[in-house]
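Everything below concerns the one structure shown next.
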Amino acid sequence: MKFVKPNFYDRFRCTASACSDTCCAGWEIDIDPDTKAYYETLEGEFGERLREQIEELPEGMACFRLTEDERCPFLTDDNLCEVIFELGDDGLCEICREHPRFYEQFADRMEMGVGLCCEEACRLLFEQTAPITFITTTVGELPDAAAVPDSGMQIFRLRDEAFHLVQDRSLPLRVRMHRLIDFGVRVQRELLKKPAPSDVLPDSPALDTREALLQVMEALEPYDDTWPESVRLLADASLAVNLDEIDGGYENLLVYFLYRHFARGVLEGNLSARVKFCAVSVWFICLMNTKCLRDTGAFTPWDRITCTKDYSKQVEYSAENMEDMLRALHEDAAFSAESLKRLFG
């Protein structure tokens, strides 16, 4: 079994009460079956409290019943966890133990990372000044893993090629993004034998790619009710995005998005759209950063973290929103390769 992780993965530690945006509020907290069974065996007052706060869901699932202000019922006023106090880390349900870590298995290959909905994960990503690398560890074999032909592993060699493109620091970032978009079109044709509709429909300079992208973003199901208005404020034409001037750690962002989202494109037939998603995400976060700089007159590492975290929570952590984004990038001629390259500058 091969385990792959970014070189900063093991440095991640939850900052608990020091976090400004606890993940124990605003999210549905699912309870996995093993943990639920464990909670059902607990005796005493705390065991009774746990069971009182469990809400049964369809198909045998369960979650904690959130308070009126959408906080976990076991989150204290100072944002610490009563379950840990009473039962230790082993008493946490799976999502609480693992979040914001993510895992993606492909046959006998398990890829791990930390998601950017978490401000500490963002900090680790942006504080990495040397090019991000990945650590691969082989530990025994997975008996039930299906054999994968060498051609099936080509997707990871192609992704390594994409990493090389975006980490070429001899080139301005916008040039690297142009090359990445062309790379996505090429691998879509080579690997899937069928170009994305957005790349074969007639390209028209009259199509306003920026406006089309903002419309897609505004229409997403909002995690936060302020999201649609925040997107509308970004429509100000005076907000000129220059990927080469504002210090945003965008190379690292590109690597993160490629690592997390590229490989699935083989299964879904939308490799080009997924590459576009990586580049568009970086451009949009840069737009958010640009507005922050204009509004405050300064751009701090904390601003960079909060913009990235807000984007990730809104887009990456909603399956419905990801589907809507990828569909638009795959099908709409406003998001052709040439249109996106004009958008990036």
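Convention: chains lettered A, B, ... in structure tokens order; per-chain residue numbering from 1; ligands numbered from 1 as shown.
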Residues of range 179-230 of chain A within 12 Å of range 153-156 of chain A: nearest atom pair and distance (Å, one decimal) for each, counting only C-alpha atoms, sorted by chain and number, as a Markdown table?
| residue | atom | partner | partner_atom | distance |
| --- | --- | --- | --- | --- |
| A:Gly184 | CA | A:Ile155 | CA | 11.8 |
| A:Val187 | CA | A:Ile155 | CA | 9.2 |
| A:Gln188 | CA | A:Ile155 | CA | 10.9 |
| A:Glu190 | CA | A:Ile155 | CA | 11.2 |
| A:Leu191 | CA | A:Ile155 | CA | 8.5 |
| A:Leu192 | CA | A:Ile155 | CA | 11.0 |
Could you give me the residues within range 57-265 of chain A that DSSP places in helix (DSSP H, G or I), as a PyMOL selection string?
chain A and resi 58-60+82-87+89-91+94-98+119-127+150-166+173-192+197-199+209-219+227-233+250-261+264-265
Would you compute the distance between CA of Thr76 in chain A and CA of Thr22 in chain A? Give it in Å to one decimal.
11.3 Å
Report as a list in words: the residues of range 17-100 of chain A with a DSSP assignment of strand (DSSP E), based on the backbone of this structure.
Asp30, Ile31, Ile54, Glu55, Glu56, Ala62, Cys63 and Phe64 of chain A
Could you give me, as a PDB file with all heavy atoms, in the first residue's frame, the residues within 7 Å of range 243-260 of chain A, counting only C-alpha atoms and dropping anything in the same chain fewer than 2 positions from it?
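Below is the file part-v5.pdb, written as the result:
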ATOM      1  N   LEU A 125       0.255  25.814   4.475  1.00  0.00           N
ATOM      2  CA  LEU A 125       0.447  25.860   3.021  1.00  0.00           C
ATOM      3  C   LEU A 125       1.194  27.123   2.614  1.00  0.00           C
ATOM      4  O   LEU A 125       2.164  27.078   1.839  1.00  0.00           O
ATOM      5  CB  LEU A 125      -0.906  25.806   2.312  1.00  0.00           C
ATOM      6  CG  LEU A 125      -0.837  25.813   0.785  1.00  0.00           C
ATOM      7  CD1 LEU A 125      -0.552  24.411   0.260  1.00  0.00           C
ATOM      8  CD2 LEU A 125      -2.134  26.339   0.177  1.00  0.00           C
ATOM      9  N   PHE A 126       0.776  28.263   3.136  1.00  0.00           N
ATOM     10  CA  PHE A 126       1.348  29.536   2.700  1.00  0.00           C
ATOM     11  C   PHE A 126       2.733  29.799   3.301  1.00  0.00           C
ATOM     12  O   PHE A 126       3.515  30.544   2.718  1.00  0.00           O
ATOM     13  CB  PHE A 126       0.405  30.683   3.047  1.00  0.00           C
ATOM     14  CG  PHE A 126      -0.844  30.702   2.219  1.00  0.00           C
ATOM     15  CD1 PHE A 126      -2.091  30.811   2.806  1.00  0.00           C
ATOM     16  CD2 PHE A 126      -0.783  30.600   0.840  1.00  0.00           C
ATOM     17  CE1 PHE A 126      -3.239  30.827   2.044  1.00  0.00           C
ATOM     18  CE2 PHE A 126      -1.928  30.610   0.070  1.00  0.00           C
ATOM     19  CZ  PHE A 126      -3.163  30.725   0.671  1.00  0.00           C
ATOM     20  N   ILE A 132       6.533  22.866  -2.852  1.00  0.00           N
ATOM     21  CA  ILE A 132       5.911  21.744  -2.149  1.00  0.00           C
ATOM     22  C   ILE A 132       6.332  20.434  -2.800  1.00  0.00           C
ATOM     23  O   ILE A 132       6.360  20.304  -4.026  1.00  0.00           O
ATOM     24  CB  ILE A 132       4.384  21.885  -2.164  1.00  0.00           C
ATOM     25  CG1 ILE A 132       3.953  23.080  -1.313  1.00  0.00           C
ATOM     26  CG2 ILE A 132       3.692  20.610  -1.664  1.00  0.00           C
ATOM     27  CD1 ILE A 132       2.487  23.405  -1.425  1.00  0.00           C
ATOM     28  N   PHE A 163       2.477  19.702 -11.796  1.00  0.00           N
ATOM     29  CA  PHE A 163       3.218  20.304 -10.685  1.00  0.00           C
ATOM     30  C   PHE A 163       4.467  21.014 -11.208  1.00  0.00           C
ATOM     31  O   PHE A 163       4.796  22.121 -10.770  1.00  0.00           O
ATOM     32  CB  PHE A 163       3.646  19.225  -9.679  1.00  0.00           C
ATOM     33  CG  PHE A 163       2.534  18.624  -8.873  1.00  0.00           C
ATOM     34  CD1 PHE A 163       2.669  17.344  -8.333  1.00  0.00           C
ATOM     35  CD2 PHE A 163       1.356  19.316  -8.635  1.00  0.00           C
ATOM     36  CE1 PHE A 163       1.664  16.772  -7.578  1.00  0.00           C
ATOM     37  CE2 PHE A 163       0.325  18.745  -7.884  1.00  0.00           C
ATOM     38  CZ  PHE A 163       0.498  17.473  -7.352  1.00  0.00           C
ATOM     39  N   VAL A 166       3.620  24.421 -12.816  1.00  0.00           N
ATOM     40  CA  VAL A 166       3.245  25.538 -11.943  1.00  0.00           C
ATOM     41  C   VAL A 166       4.355  25.904 -10.966  1.00  0.00           C
ATOM     42  O   VAL A 166       4.332  27.002 -10.385  1.00  0.00           O
ATOM     43  CB  VAL A 166       1.929  25.237 -11.184  1.00  0.00           C
ATOM     44  CG1 VAL A 166       0.807  24.943 -12.154  1.00  0.00           C
ATOM     45  CG2 VAL A 166       2.094  24.110 -10.195  1.00  0.00           C
ATOM     46  N   GLN A 167       5.336  25.032 -10.784  1.00  0.00           N
ATOM     47  CA  GLN A 167       6.437  25.339  -9.870  1.00  0.00           C
ATOM     48  C   GLN A 167       7.684  25.841 -10.594  1.00  0.00           C
ATOM     49  O   GLN A 167       8.743  25.971  -9.980  1.00  0.00           O
ATOM     50  CB  GLN A 167       6.773  24.098  -9.030  1.00  0.00           C
ATOM     51  CG  GLN A 167       5.679  23.748  -8.029  1.00  0.00           C
ATOM     52  CD  GLN A 167       6.011  22.521  -7.200  1.00  0.00           C
ATOM     53  OE1 GLN A 167       6.506  21.508  -7.704  1.00  0.00           O
ATOM     54  NE2 GLN A 167       5.734  22.584  -5.900  1.00  0.00           N
ATOM     55  N   PRO A 172       6.719  34.058 -14.894  1.00  0.00           N
ATOM     56  CA  PRO A 172       5.661  34.712 -14.123  1.00  0.00           C
ATOM     57  C   PRO A 172       4.511  33.740 -13.894  1.00  0.00           C
ATOM     58  O   PRO A 172       4.260  32.853 -14.719  1.00  0.00           O
ATOM     59  CB  PRO A 172       5.231  35.881 -15.011  1.00  0.00           C
ATOM     60  CG  PRO A 172       6.357  36.084 -15.972  1.00  0.00           C
ATOM     61  CD  PRO A 172       6.977  34.743 -16.175  1.00  0.00           C
ATOM     62  N   LEU A 173       3.794  33.929 -12.805  1.00  0.00           N
ATOM     63  CA  LEU A 173       2.730  32.999 -12.469  1.00  0.00           C
ATOM     64  C   LEU A 173       1.646  32.938 -13.541  1.00  0.00           C
ATOM     65  O   LEU A 173       1.149  31.868 -13.873  1.00  0.00           O
ATOM     66  CB  LEU A 173       2.105  33.367 -11.116  1.00  0.00           C
ATOM     67  CG  LEU A 173       1.066  32.363 -10.627  1.00  0.00           C
ATOM     68  CD1 LEU A 173       1.727  31.062 -10.202  1.00  0.00           C
ATOM     69  CD2 LEU A 173       0.247  32.933  -9.484  1.00  0.00           C
ATOM     70  N   ARG A 174       1.287  34.082 -14.109  1.00  0.00           N
ATOM     71  CA  ARG A 174       0.215  34.073 -15.114  1.00  0.00           C
ATOM     72  C   ARG A 174       0.621  33.248 -16.336  1.00  0.00           C
ATOM     73  O   ARG A 174      -0.219  32.597 -16.957  1.00  0.00           O
ATOM     74  CB  ARG A 174      -0.162  35.495 -15.524  1.00  0.00           C
ATOM     75  CG  ARG A 174       0.969  36.297 -16.105  1.00  0.00           C
ATOM     76  CD  ARG A 174       0.610  37.751 -16.338  1.00  0.00           C
ATOM     77  NE  ARG A 174       1.801  38.518 -16.666  1.00  0.00           N
ATOM     78  CZ  ARG A 174       2.378  38.515 -17.851  1.00  0.00           C
ATOM     79  NH1 ARG A 174       1.863  37.794 -18.837  1.00  0.00           N
ATOM     80  NH2 ARG A 174       3.468  39.229 -18.067  1.00  0.00           N
ATOM     81  N   VAL A 241      -7.092  42.290 -11.303  1.00  0.00           N
ATOM     82  CA  VAL A 241      -6.283  41.199 -10.751  1.00  0.00           C
ATOM     83  C   VAL A 241      -4.949  41.124 -11.478  1.00  0.00           C
ATOM     84  O   VAL A 241      -4.909  41.042 -12.706  1.00  0.00           O
ATOM     85  CB  VAL A 241      -7.022  39.857 -10.881  1.00  0.00           C
ATOM     86  CG1 VAL A 241      -6.116  38.699 -10.474  1.00  0.00           C
ATOM     87  CG2 VAL A 241      -8.284  39.870 -10.042  1.00  0.00           C
ATOM     88  N   PHE A 262      -7.332  16.888  -9.331  1.00  0.00           N
ATOM     89  CA  PHE A 262      -7.006  16.525 -10.707  1.00  0.00           C
ATOM     90  C   PHE A 262      -7.365  15.087 -11.052  1.00  0.00           C
ATOM     91  O   PHE A 262      -8.017  14.816 -12.067  1.00  0.00           O
ATOM     92  CB  PHE A 262      -5.511  16.772 -10.951  1.00  0.00           C
ATOM     93  CG  PHE A 262      -5.027  16.412 -12.322  1.00  0.00           C
ATOM     94  CD1 PHE A 262      -5.345  17.200 -13.416  1.00  0.00           C
ATOM     95  CD2 PHE A 262      -4.234  15.293 -12.532  1.00  0.00           C
ATOM     96  CE1 PHE A 262      -4.895  16.889 -14.685  1.00  0.00           C
ATOM     97  CE2 PHE A 262      -3.767  14.960 -13.792  1.00  0.00           C
ATOM     98  CZ  PHE A 262      -4.105  15.767 -14.871  1.00  0.00           C
ATOM     99  N   CYS A 278      -8.812  24.485 -10.919  1.00  0.00           N
ATOM    100  CA  CYS A 278      -7.638  24.823 -10.107  1.00  0.00           C
ATOM    101  C   CYS A 278      -7.175  26.248 -10.402  1.00  0.00           C
ATOM    102  O   CYS A 278      -6.925  27.039  -9.479  1.00  0.00           O
ATOM    103  CB  CYS A 278      -6.512  23.831 -10.379  1.00  0.00           C
ATOM    104  SG  CYS A 278      -6.911  22.115  -9.952  1.00  0.00           S
ATOM    105  N   ALA A 279      -7.073  26.587 -11.684  1.00  0.00           N
ATOM    106  CA  ALA A 279      -6.590  27.914 -12.075  1.00  0.00           C
ATOM    107  C   ALA A 279      -7.604  28.997 -11.737  1.00  0.00           C
ATOM    108  O   ALA A 279      -7.245  30.070 -11.211  1.00  0.00           O
ATOM    109  CB  ALA A 279      -6.270  27.926 -13.569  1.00  0.00           C
ATOM    110  N   VAL A 282      -7.622  29.897  -8.039  1.00  0.00           N
ATOM    111  CA  VAL A 282      -6.527  30.780  -7.665  1.00  0.00           C
ATOM    112  C   VAL A 282      -6.812  32.215  -8.114  1.00  0.00           C
ATOM    113  O   VAL A 282      -6.586  33.176  -7.368  1.00  0.00           O
ATOM    114  CB  VAL A 282      -5.195  30.260  -8.250  1.00  0.00           C
ATOM    115  CG1 VAL A 282      -4.084  31.294  -8.088  1.00  0.00           C
ATOM    116  CG2 VAL A 282      -4.803  28.950  -7.570  1.00  0.00           C
ATOM    117  N   CYS A 286      -7.340  35.423  -5.686  1.00  0.00           N
ATOM    118  CA  CYS A 286      -6.549  36.634  -5.911  1.00  0.00           C
ATOM    119  C   CYS A 286      -7.459  37.852  -6.022  1.00  0.00           C
ATOM    120  O   CYS A 286      -7.139  38.931  -5.523  1.00  0.00           O
ATOM    121  CB  CYS A 286      -5.698  36.485  -7.164  1.00  0.00           C
ATOM    122  SG  CYS A 286      -4.594  37.887  -7.466  1.00  0.00           S
ATOM    123  N   ARG A 304      -4.796  36.761   3.686  1.00  0.00           N
ATOM    124  CA  ARG A 304      -4.611  35.697   2.705  1.00  0.00           C
ATOM    125  C   ARG A 304      -5.260  34.399   3.190  1.00  0.00           C
ATOM    126  O   ARG A 304      -5.928  33.695   2.423  1.00  0.00           O
ATOM    127  CB  ARG A 304      -3.109  35.490   2.480  1.00  0.00           C
ATOM    128  CG  ARG A 304      -2.732  34.422   1.485  1.00  0.00           C
ATOM    129  CD  ARG A 304      -1.255  34.464   1.172  1.00  0.00           C
ATOM    130  NE  ARG A 304      -0.423  34.200   2.339  1.00  0.00           N
ATOM    131  CZ  ARG A 304       0.904  34.237   2.322  1.00  0.00           C
ATOM    132  NH1 ARG A 304       1.531  34.567   1.203  1.00  0.00           N
ATOM    133  NH2 ARG A 304       1.597  33.981   3.398  1.00  0.00           N
TER     134      ARG A 304
END
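The residue that comes closest to Gly115 in chain A, out of A:Met288, A:Cys72, A:Ala162, A:Cys23 and on the basis of only C-alpha atoms, is A:Cys23.
When only C-alpha atoms are used to compute distances to Glu120 in chain A, the closest of the residues A:Arg179, A:Lys2, A:His164, A:Arg11 turns out to be A:Arg11.
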Within 10 Å of Ser272 in chain A, counting only C-alpha atoms, which residues qualify if same-chain residues fewer than 5 places away don't, as a tab-separated table (two decimals) with N, CA, C and O atoms, in the first residue's frame?
chain	number	residue	atom	x	y	z
A	180	LEU	N	-0.69	25.86	-17.85
A	180	LEU	CA	-1.49	24.85	-17.16
A	180	LEU	C	-2.82	24.64	-17.87
A	180	LEU	O	-3.28	23.50	-18.04
A	181	ILE	N	-3.46	25.72	-18.30
A	181	ILE	CA	-4.73	25.60	-19.01
A	181	ILE	C	-4.54	24.81	-20.31
A	181	ILE	O	-5.33	23.91	-20.64
A	182	ASP	N	-3.48	25.12	-21.07
A	182	ASP	CA	-3.20	24.38	-22.31
A	182	ASP	C	-2.91	22.90	-22.00
A	182	ASP	O	-3.32	22.01	-22.76
A	183	PHE	N	-2.22	22.65	-20.90
A	183	PHE	CA	-1.94	21.28	-20.47
A	183	PHE	C	-3.25	20.53	-20.22
A	183	PHE	O	-3.41	19.37	-20.64
A	184	GLY	N	-4.22	21.17	-19.57
A	184	GLY	CA	-5.49	20.53	-19.30
A	184	GLY	C	-6.23	20.14	-20.56
A	184	GLY	O	-6.81	19.05	-20.66
A	185	VAL	N	-6.22	21.04	-21.54
A	185	VAL	CA	-6.86	20.74	-22.83
A	185	VAL	C	-6.18	19.54	-23.49
A	185	VAL	O	-6.84	18.64	-24.02
A	186	ARG	N	-4.84	19.53	-23.44
A	186	ARG	CA	-4.10	18.44	-24.09
A	186	ARG	C	-4.37	17.09	-23.43
A	186	ARG	O	-4.65	16.10	-24.13
A	187	VAL	N	-4.31	17.02	-22.10
A	187	VAL	CA	-4.48	15.72	-21.46
A	187	VAL	C	-5.94	15.24	-21.57
A	187	VAL	O	-6.19	14.02	-21.61
A	188	GLN	N	-6.88	16.16	-21.65
A	188	GLN	CA	-8.27	15.77	-21.88
A	188	GLN	C	-8.38	15.04	-23.22
A	188	GLN	O	-9.02	13.98	-23.32
A	189	ARG	N	-7.74	15.58	-24.24
A	189	ARG	CA	-7.80	14.95	-25.57
A	189	ARG	C	-7.01	13.65	-25.60
A	189	ARG	O	-7.46	12.65	-26.17
A	192	LEU	N	-8.64	11.07	-22.51
A	192	LEU	CA	-10.06	10.77	-22.58
A	192	LEU	C	-10.59	10.73	-24.01
A	192	LEU	O	-11.75	10.37	-24.22
A	195	PRO	N	-12.54	16.13	-26.39
A	195	PRO	CA	-12.34	17.46	-25.80
A	195	PRO	C	-13.56	17.90	-25.00
A	195	PRO	O	-14.68	17.42	-25.22
A	196	ALA	N	-13.34	18.80	-24.07
A	196	ALA	CA	-14.46	19.38	-23.33
A	196	ALA	C	-15.30	20.24	-24.26
A	196	ALA	O	-14.74	20.92	-25.14
A	198	SER	N	-16.62	23.03	-23.82
A	198	SER	CA	-16.23	24.44	-23.72
A	198	SER	C	-15.04	24.77	-24.60
A	198	SER	O	-14.81	25.94	-24.95
A	199	ASP	N	-14.26	23.76	-24.98
A	199	ASP	CA	-13.06	24.00	-25.80
A	199	ASP	C	-13.27	23.73	-27.28
A	199	ASP	O	-12.34	23.89	-28.07
A	262	PHE	N	-7.33	16.89	-9.33
A	262	PHE	CA	-7.01	16.53	-10.71
A	262	PHE	C	-7.36	15.09	-11.05
A	262	PHE	O	-8.02	14.82	-12.07
A	265	GLY	N	-10.68	13.56	-12.41
A	265	GLY	CA	-11.14	13.91	-13.75
A	265	GLY	C	-11.15	12.74	-14.70
A	265	GLY	O	-11.91	12.74	-15.69
A	266	VAL	N	-10.32	11.73	-14.46
A	266	VAL	CA	-10.31	10.55	-15.32
A	266	VAL	C	-11.63	9.80	-15.18
A	266	VAL	O	-12.25	9.38	-16.16
A	277	PHE	N	-10.65	24.47	-13.05
A	277	PHE	CA	-11.10	24.77	-11.70
A	277	PHE	C	-9.93	25.19	-10.81
A	277	PHE	O	-10.04	26.15	-10.04
A	326	LEU	N	-17.83	22.64	-11.90
A	326	LEU	CA	-17.19	21.80	-12.91
A	326	LEU	C	-18.06	21.68	-14.16
A	326	LEU	O	-17.54	21.65	-15.28
A	329	LEU	N	-17.54	24.92	-16.17
A	329	LEU	CA	-16.21	24.97	-16.77
A	329	LEU	C	-16.06	23.95	-17.90
A	329	LEU	O	-15.30	24.16	-18.85
A	330	HIS	N	-16.81	22.87	-17.82
A	330	HIS	CA	-16.74	21.82	-18.83
A	330	HIS	C	-17.58	22.17	-20.06
A	330	HIS	O	-17.19	21.87	-21.20
A	336	SER	N	-13.76	28.68	-22.17
A	336	SER	CA	-12.80	28.02	-23.06
A	336	SER	C	-11.39	28.34	-22.60
A	336	SER	O	-11.16	29.31	-21.85
A	337	ALA	N	-10.44	27.56	-23.07
A	337	ALA	CA	-9.05	27.80	-22.68
A	337	ALA	C	-8.61	29.21	-23.05
A	337	ALA	O	-7.97	29.91	-22.24
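If you measure from each of A:Ser238, A:Asp310, A:Ala334, A:Phe8 to Gln215 in chain A using only C-alpha atoms, the closest one turns out to be A:Ala334.
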For range 80-90 of chain A, list every protein, DNA or RNA residue within 10 Å, evaluated using only C-alpha atoms, and leave out those in the same chain fewer than 2 positions away; present the list as a ChimeraX atom specification.
/A:16-18,22,24,35,46-47,50,72-78,92-94,96-97
Residues of the last selection are to be written out with all heavy atoms, as a compact mmCIF listing (two decimals), in the first residue's frame.
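Result written to part-v6.txt:
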# COMPACT_ATOMS: atom_id res chain seq x y z
N ALA A 16 -7.49 24.18 18.24
CA ALA A 16 -8.55 24.12 19.25
C ALA A 16 -9.12 25.50 19.56
O ALA A 16 -9.56 26.21 18.66
CB ALA A 16 -8.03 23.42 20.50
N SER A 17 -9.07 25.92 20.82
CA SER A 17 -9.72 27.17 21.23
C SER A 17 -9.04 28.40 20.64
O SER A 17 -9.61 29.49 20.64
CB SER A 17 -9.76 27.28 22.75
OG SER A 17 -8.45 27.29 23.28
N ALA A 18 -7.81 28.24 20.14
CA ALA A 18 -7.11 29.38 19.52
C ALA A 18 -7.61 29.66 18.11
O ALA A 18 -7.28 30.70 17.53
CB ALA A 18 -5.61 29.11 19.50
N THR A 22 -14.09 27.99 14.62
CA THR A 22 -14.13 26.58 14.99
C THR A 22 -14.94 25.74 14.01
O THR A 22 -15.99 26.16 13.53
CB THR A 22 -14.71 26.41 16.41
OG1 THR A 22 -14.83 25.01 16.70
CG2 THR A 22 -16.08 27.05 16.53
N CYS A 24 -16.43 23.17 14.87
CA CYS A 24 -17.48 22.54 15.66
C CYS A 24 -18.75 23.39 15.68
O CYS A 24 -19.63 23.19 16.53
CB CYS A 24 -17.00 22.31 17.09
SG CYS A 24 -15.51 21.30 17.20
N THR A 35 -18.52 4.72 16.33
CA THR A 35 -18.54 5.64 17.47
C THR A 35 -19.93 5.68 18.11
O THR A 35 -20.06 5.74 19.33
CB THR A 35 -18.12 7.06 17.02
OG1 THR A 35 -16.84 6.99 16.41
CG2 THR A 35 -18.06 8.00 18.21
N PHE A 46 -22.54 11.48 31.65
CA PHE A 46 -22.05 11.97 30.37
C PHE A 46 -22.53 11.08 29.23
O PHE A 46 -22.88 11.57 28.15
CB PHE A 46 -20.53 12.07 30.35
CG PHE A 46 -20.00 12.79 29.14
CD1 PHE A 46 -20.16 14.16 29.01
CD2 PHE A 46 -19.37 12.10 28.11
CE1 PHE A 46 -19.70 14.83 27.89
CE2 PHE A 46 -18.90 12.77 26.99
CZ PHE A 46 -19.08 14.14 26.88
N GLY A 47 -22.59 9.78 29.47
CA GLY A 47 -23.11 8.88 28.45
C GLY A 47 -24.56 9.20 28.12
O GLY A 47 -24.96 9.19 26.95
N LEU A 50 -24.65 12.36 26.01
CA LEU A 50 -24.27 12.08 24.62
C LEU A 50 -25.46 11.54 23.84
O LEU A 50 -25.78 12.02 22.74
CB LEU A 50 -23.12 11.07 24.57
CG LEU A 50 -21.69 11.59 24.66
CD1 LEU A 50 -20.72 10.43 24.77
CD2 LEU A 50 -21.33 12.43 23.45
N CYS A 72 -21.91 22.69 18.15
CA CYS A 72 -21.97 21.35 18.72
C CYS A 72 -22.39 21.48 20.19
O CYS A 72 -21.89 22.35 20.91
CB CYS A 72 -20.59 20.69 18.62
SG CYS A 72 -20.51 19.08 19.48
N PRO A 73 -23.29 20.62 20.65
CA PRO A 73 -23.75 20.72 22.04
C PRO A 73 -22.65 20.45 23.07
O PRO A 73 -22.83 20.74 24.25
CB PRO A 73 -24.86 19.66 22.12
CG PRO A 73 -24.56 18.70 21.02
CD PRO A 73 -23.96 19.52 19.92
N PHE A 74 -21.52 19.92 22.61
CA PHE A 74 -20.41 19.64 23.53
C PHE A 74 -19.24 20.60 23.33
O PHE A 74 -18.13 20.34 23.80
CB PHE A 74 -19.97 18.18 23.38
CG PHE A 74 -21.07 17.22 23.72
CD1 PHE A 74 -21.81 16.62 22.71
CD2 PHE A 74 -21.41 16.97 25.03
CE1 PHE A 74 -22.86 15.77 23.01
CE2 PHE A 74 -22.45 16.11 25.36
CZ PHE A 74 -23.18 15.51 24.34
N LEU A 75 -19.50 21.70 22.65
CA LEU A 75 -18.49 22.75 22.47
C LEU A 75 -18.69 23.79 23.57
O LEU A 75 -19.75 24.39 23.69
CB LEU A 75 -18.64 23.40 21.10
CG LEU A 75 -17.61 24.47 20.73
CD1 LEU A 75 -16.22 23.86 20.61
CD2 LEU A 75 -18.00 25.14 19.41
N THR A 76 -17.68 23.99 24.40
CA THR A 76 -17.80 24.91 25.52
C THR A 76 -17.75 26.36 25.03
O THR A 76 -17.42 26.63 23.88
CB THR A 76 -16.67 24.69 26.54
OG1 THR A 76 -15.42 25.04 25.94
CG2 THR A 76 -16.63 23.24 26.99
N ASP A 77 -18.03 27.28 25.93
CA ASP A 77 -18.02 28.70 25.57
C ASP A 77 -16.65 29.18 25.11
O ASP A 77 -16.53 30.14 24.35
CB ASP A 77 -18.49 29.56 26.76
CG ASP A 77 -19.97 29.37 27.05
OD1 ASP A 77 -20.69 28.88 26.15
OD2 ASP A 77 -20.41 29.68 28.17
N ASP A 78 -15.58 28.52 25.60
CA ASP A 78 -14.23 28.89 25.16
C ASP A 78 -13.73 27.98 24.04
O ASP A 78 -12.52 27.83 23.83
CB ASP A 78 -13.26 28.91 26.34
CG ASP A 78 -13.27 27.61 27.14
OD1 ASP A 78 -14.07 26.70 26.80
OD2 ASP A 78 -12.50 27.50 28.11
N LEU A 92 -13.73 10.67 20.31
CA LEU A 92 -14.28 11.50 19.24
C LEU A 92 -14.82 10.64 18.10
O LEU A 92 -14.30 9.55 17.83
CB LEU A 92 -13.20 12.43 18.67
CG LEU A 92 -12.66 13.51 19.61
CD1 LEU A 92 -11.47 14.21 18.97
CD2 LEU A 92 -13.74 14.52 19.96
N CYS A 93 -15.85 11.13 17.42
CA CYS A 93 -16.31 10.45 16.22
C CYS A 93 -15.29 10.67 15.10
O CYS A 93 -14.43 11.55 15.19
CB CYS A 93 -17.70 10.92 15.82
SG CYS A 93 -17.92 12.69 15.68
N GLU A 94 -15.39 9.89 14.05
CA GLU A 94 -14.36 9.89 13.02
C GLU A 94 -14.15 11.26 12.40
O GLU A 94 -13.01 11.70 12.21
CB GLU A 94 -14.73 8.88 11.93
CG GLU A 94 -13.67 8.75 10.85
CD GLU A 94 -14.05 7.72 9.81
OE1 GLU A 94 -15.22 7.32 9.75
OE2 GLU A 94 -13.16 7.31 9.04
N CYS A 96 -14.59 14.18 13.65
CA CYS A 96 -13.91 15.10 14.57
C CYS A 96 -12.43 14.75 14.73
O CYS A 96 -11.61 15.64 14.93
CB CYS A 96 -14.61 15.10 15.93
SG CYS A 96 -16.29 15.75 15.89
N ARG A 97 -12.11 13.46 14.65
CA ARG A 97 -10.70 13.06 14.73
C ARG A 97 -9.94 13.47 13.49
O ARG A 97 -8.77 13.85 13.56
CB ARG A 97 -10.58 11.54 14.90
CG ARG A 97 -10.94 11.01 16.25
CD ARG A 97 -10.45 9.57 16.44
NE ARG A 97 -10.90 8.69 15.37
CZ ARG A 97 -12.03 7.99 15.42
NH1 ARG A 97 -12.84 8.10 16.46
NH2 ARG A 97 -12.36 7.19 14.42
From the list A:Asn270, A:Met1, A:Ile54, A:Arg169, which residue is nearest Lys193 in chain A when using only C-alpha atoms?
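Comparing A:Asn270, A:Met1, A:Ile54, A:Arg169 against Lys193 in chain A, the winner is A:Asn270.
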Could you give me, as a PyMOL selection string, the residues within 7 Å of Thr209 in chain A, counting only C-alpha atoms and dropping anything in the same chain fewer than 2 positions from it?
chain A and resi 207+211-213+334-335+339-340+343
Which polymer residues have any atom within 8 Å of an atom of Thr133 in chain A, counting only C-alpha atoms, with same-chain residues fewer than 2 positions away left out, as a PyMOL selection string?
chain A and resi 6-7+131+135
Using only C-alpha atoms, please write the residues we just selected to a file, as a short mmCIF file (atom, residue, chain, number, x, y, z; two decimals), in the first residue's frame.
data_model
loop_
_atom_site.label_atom_id
_atom_site.label_comp_id
_atom_site.auth_asym_id
_atom_site.auth_seq_id
_atom_site.Cartn_x
_atom_site.Cartn_y
_atom_site.Cartn_z
CA PRO A 6 2.48 16.72 1.17
CA ASN A 7 5.72 17.45 2.98
CA PRO A 131 8.36 24.20 -3.66
CA ILE A 135 6.31 11.97 0.50
#
Using only C-alpha atoms, find the one residue out of A:Lys313, A:Met325, A:Arg159, A:Ala130 that sits nearest to Leu214 in chain A.
A:Met325
From the list A:Ala333, A:Arg51, A:Ala37, A:Arg264, which residue is nearest Glu104 in chain A when using only C-alpha atoms?
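Counting only C-alpha atoms, the residue closest to Glu104 in chain A is A:Arg264.
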